[in-house]
Number of protein chains: 2
Amino acid sequence: MKYNFGAGPGKLAKEVLAEAAEAVQNFNNTGLSILEISHRSEDFIEVLNETEQLARQLLAVPDTHDIIFLQGGASSHFAMVPMNLLPDDGTAIYLDTGMWSSKAIAEAKKFGKVSVIASSVNADYSFYPKGFTVPKDAAYYHFTSNNTIYGTGTFETPQVDIPLVCDMSSDIFSRDIDVSAYSLIYAGAQKNIGPAGMTLVIVKKGILGRTGRDIPTIFDYGVHVAHRSLYNTPAVYAIYVTMLNLRWLAAKGGVSVIEQENIRKAALLYQEIDDNPLFSGTARKEDRSRMNVTFVMNAKDLEYEFSTFASQRGIVGIAGHRHVGGFRTSLYNAVDLKAVEFLVETMREFTRIKQY
Amino acid sequence: MKYNFGAGPGKLAKEVLAEAAEAVQNFNNTGLSILEISHRSEDFIEVLNETEQLARQLLAVPDTHDIIFLQGGASSHFAMVPMNLLPDDGTAIYLDTGMWSSKAIAEAKKFGKVSVIASSVNADYSFYPKGFTVPKDAAYYHFTSNNTIYGTGTFETPQVDIPLVCDMSSDIFSRDIDVSAYSLIYAGAQKNIGPAGMTLVIVKKGILGRTGRDIPTIFDYGVHVAHRSLYNTPAVYAIYVTMLNLRWLAAKGGVSVIEQENIRKAALLYQEIDDNPLFSGTARKEDRSRMNVTFVMNAKDLEYEFSTFASQRGIVGIAGHRHVGGFRTSLYNAVDLKAVEFLVETMREFTRIKQY
């Protein structure tokens, strides 16, 4: 038995994986593999339609917004967002809350002016800056709603008067959001959506095509919207597994139900971190992520030993990001409460053995 | 029993699919799915290394060239090639042999000057233009070695004095090539490489970083080379299945063995098309593709009936591309000689029934 707390590609539910495996040999009883069917076949068009409908329903995406499924990962959108939305002489406002925000900022600077309205870099990105006002005369405001590396998250919809853009790679489908407030949301699939190799993009109608820039066709959101994710061959299997995963989420009761479960999971683990003399959380309490719980050991020399102890009990994927060290346990939707209880027991057991 | 002649995503071997399915539930006996492991885990690094080594060995890629595996499909390289290789004031030479070449040309024009040295557009792209000399003072020469839509292919390495760039999406791994002659080769995975969602790129050392252009990080080939395909989360599963598929090819004896088989398969089908009074090939004989055999029926009104007849016998994926009609049967590596024999028998049987 393995308990997978990996930060991404993250855990997927057993039922989802069983169906995902079956389709590799025989998809929909066609006698063909999902890996060898045309992306323009009726069978796959149905998959694409259902995936879109499930995403629309689960996130309550209004008709004012289109949903597309692209290859490339969130990192391509660090460039595609300014390419599509920031005129050469325009300014985009960015909030800097971690490595991914910083990378997004660096790419935007290649297309126009960037104003970083606030940053927590000097506090090791341990919190979300607050209390600033986003100017009204910029092209858009970009933020990252959850920082996998630093274990911080924000659950508020920013109140701004300009187009709102968000990288929701690590918390989309984990909590209810008001999609109508956003002009563009992008999210790499490999956490709560599906396997690596695909990005979900939700884009408000009417915001594209205003920069005057001659965008390469494949990097133009408008092209993918017009072709309903079939401008070129999409990541067929990643979309199929996403459909299975969203079906699983819908059967569990949807996003508001999983959100309550995610709150309970995170609360349980943070409680242990706060109570246990061996561990300390790294993010400020009011900005703690529900998806990625980062912590260190108060006695640094025990970190290797605890890693080994946890690993022997079947716990995998809890090493901190290679740039920050310590521990990171990711509590994505498919990680159930029992797994978190087992992790907490393991932390307690280790503490007992060490006689703290 | 299904006989899959789809143009892409194309057929994969049964053995490959069986292993590909197994890993979705239990990868390498880790108790985890290949879909939920970290792309930086030792297990996956081994997969990536083996995939690269297999590609290097099977295509005899010299040490002068790097191999990378990217998301995005060949269509992204229509833009990335000029972005990385064509200075603003430079000229690139393109050969126009079909829809994909045309799209590549359109994207290159967004980055610099383009000179189309020859085109077969006025003959419905039914042949490869020949007898031209590529100028020595251009940034690079780009061509498409096989045209899936029009059923044409070229088997010569162009003799040029400037960097040679080739879109080999539909014939890579189907025949021996002299990689040392090329500066850049790109190929979407979904024909002879693996499943959709990945592109193989082979790039000669020393050709990058010369345009003076500030390229978005994610679209910079040099970044992916430096990070050995791990700059961002790659298409983990597509790379894994590619490894299985290249192992399968290596076990069959490699590219020169499969090339002989591909020659036999294509010869058998073209012979039938030429001999059978009901059918006609659409490509000029000297430029016929071995991968995609395109043909029409001499009595157009029989096309629907033949489609249905073939379909009832388990033959799938033989409709011509939606832009040209007729028929297209794709004979990728995983389509064996028996499948082609069955298709030929089916054509003969239909002809008998129709009393031609």
# chains A, B, ... in the order shown; residues from 1 in each chain; ligands from 1
>>> residues_around(residues="region 136-139 of chain A", least_positions_apart="5", cutoff="10 Å", atoms="only C-alpha atoms", output="PyMOL selection string")
chain A and resi 82+85-87+89-93+112-115+160-164+211
>>> atom_distance(atom1="CA of Met198 (chain A)", atom2="CA of Leu35 (chain A)")
15.1 Å
>>> interface_residues(of="chain A", to="chain B", cutoff="7 Å", atoms="only C-alpha atoms", output="ChimeraX atom specification")
/A:2,6,8-12,17-18,20-22,24-25,31,35-38,71-72,75-76,79,107,110,195-197,214,216,218,232-236
>>> select_by_dssp(residues="region 80-315 of chain B", states="helix (DSSP H, G or I)", output="ChimeraX atom specification")
/B:80-85,99-108,121-123,179-181,217-219,221-226,236-251,255-275,285-287,300-312
>>> residues_around(residues="Asp178 (chain A)", least_positions_apart="5", cutoff="10 Å", atoms="only C-alpha atoms", output="VMD selection string")
chain A and resid 59 to 62 156 to 157
>>> write_last_selection(atoms="N, CA, C and O atoms", output="mmCIF file, in the first residue's frame")
data_model
loop_
_atom_site.group_PDB
_atom_site.id
_atom_site.type_symbol
_atom_site.label_atom_id
_atom_site.label_comp_id
_atom_site.auth_asym_id
_atom_site.auth_seq_id
_atom_site.Cartn_x
_atom_site.Cartn_y
_atom_site.Cartn_z
ATOM 1 N N LEU A 59 -17.286 23.696 -12.375
ATOM 2 C CA LEU A 59 -16.760 25.014 -11.998
ATOM 3 C C LEU A 59 -17.803 26.115 -12.206
ATOM 4 O O LEU A 59 -17.507 27.291 -12.004
ATOM 5 N N ALA A 60 -19.006 25.711 -12.609
ATOM 6 C CA ALA A 60 -20.074 26.687 -12.886
ATOM 7 C C ALA A 60 -19.560 27.778 -13.823
ATOM 8 O O ALA A 60 -19.649 28.980 -13.528
ATOM 9 N N VAL A 61 -19.006 27.358 -14.950
ATOM 10 C CA VAL A 61 -18.475 28.305 -15.939
ATOM 11 C C VAL A 61 -19.640 28.889 -16.733
ATOM 12 O O VAL A 61 -20.383 28.138 -17.367
ATOM 13 N N PRO A 62 -19.822 30.211 -16.687
ATOM 14 C CA PRO A 62 -20.964 30.798 -17.407
ATOM 15 C C PRO A 62 -20.752 30.798 -18.922
ATOM 16 O O PRO A 62 -19.627 30.622 -19.399
ATOM 17 N N GLU A 156 -9.491 34.312 -1.803
ATOM 18 C CA GLU A 156 -10.313 35.475 -2.146
ATOM 19 C C GLU A 156 -10.237 35.728 -3.645
ATOM 20 O O GLU A 156 -9.193 35.538 -4.253
ATOM 21 N N THR A 157 -11.319 36.220 -4.206
ATOM 22 C CA THR A 157 -11.270 36.714 -5.581
ATOM 23 C C THR A 157 -10.841 38.177 -5.516
ATOM 24 O O THR A 157 -11.524 38.980 -4.896
#
>>> select_by_dssp(residues="region 120-225 of chain B", states="strand (DSSP E)", output="MDAnalysis selection string")
chainID B and resid 140:144 146:147 152:153 164:167 184:188 199:204
>>> atom_distance(atom1="CA of Ile172 (chain A)", atom2="CA of Phe143 (chain A)")
13.6 Å
>>> atom_distance(atom1="CA of Asn276 (chain B)", atom2="CA of Arg288 (chain B)")
17.5 Å
>>> closest_residue(among="A:Arg247, A:Phe279, A:Asp287, A:Trp100", to="Ala299 (chain A)", atoms="only C-alpha atoms")
A:Phe279
>>> residues_around(residues="Tyr332 (chain B)", least_positions_apart="3", cutoff="7 Å", atoms="only C-alpha atoms", output="list in words")
Lys191, Asn192, Met291 and Val335 of chain B
>>> closest_residue(among="A:Ser280, A:Thr133, A:Ser229, A:Asn292", to="Ala319 (chain A)", atoms="only C-alpha atoms")
A:Asn292
>>> closest_residue(among="A:Val293, A:Ala283, A:Ala181, A:Ala226", to="Asp124 (chain A)", atoms="only C-alpha atoms")
A:Ala283
>>> residues_around(residues="Ser120 (chain A)", least_positions_apart="2", cutoff="12 Å", atoms="only C-alpha atoms", output="list in words")
Leu95, Asp96, Thr97, Gly98, Met99, Ser101, Ser102, Val116, Ile117, Ala118, Asn122, Ala123, Asp124, Tyr125, Ser126, Phe127, Tyr128, Pro129, Lys130, Asn147, Tyr150, Thr152, Ala283, Arg284 and Asp287 of chain A
>>> closest_residue(among="B:Asn29, B:Thr308, B:Gln57, B:Thr199", to="Val255 (chain B)", atoms="only C-alpha atoms")
B:Gln57
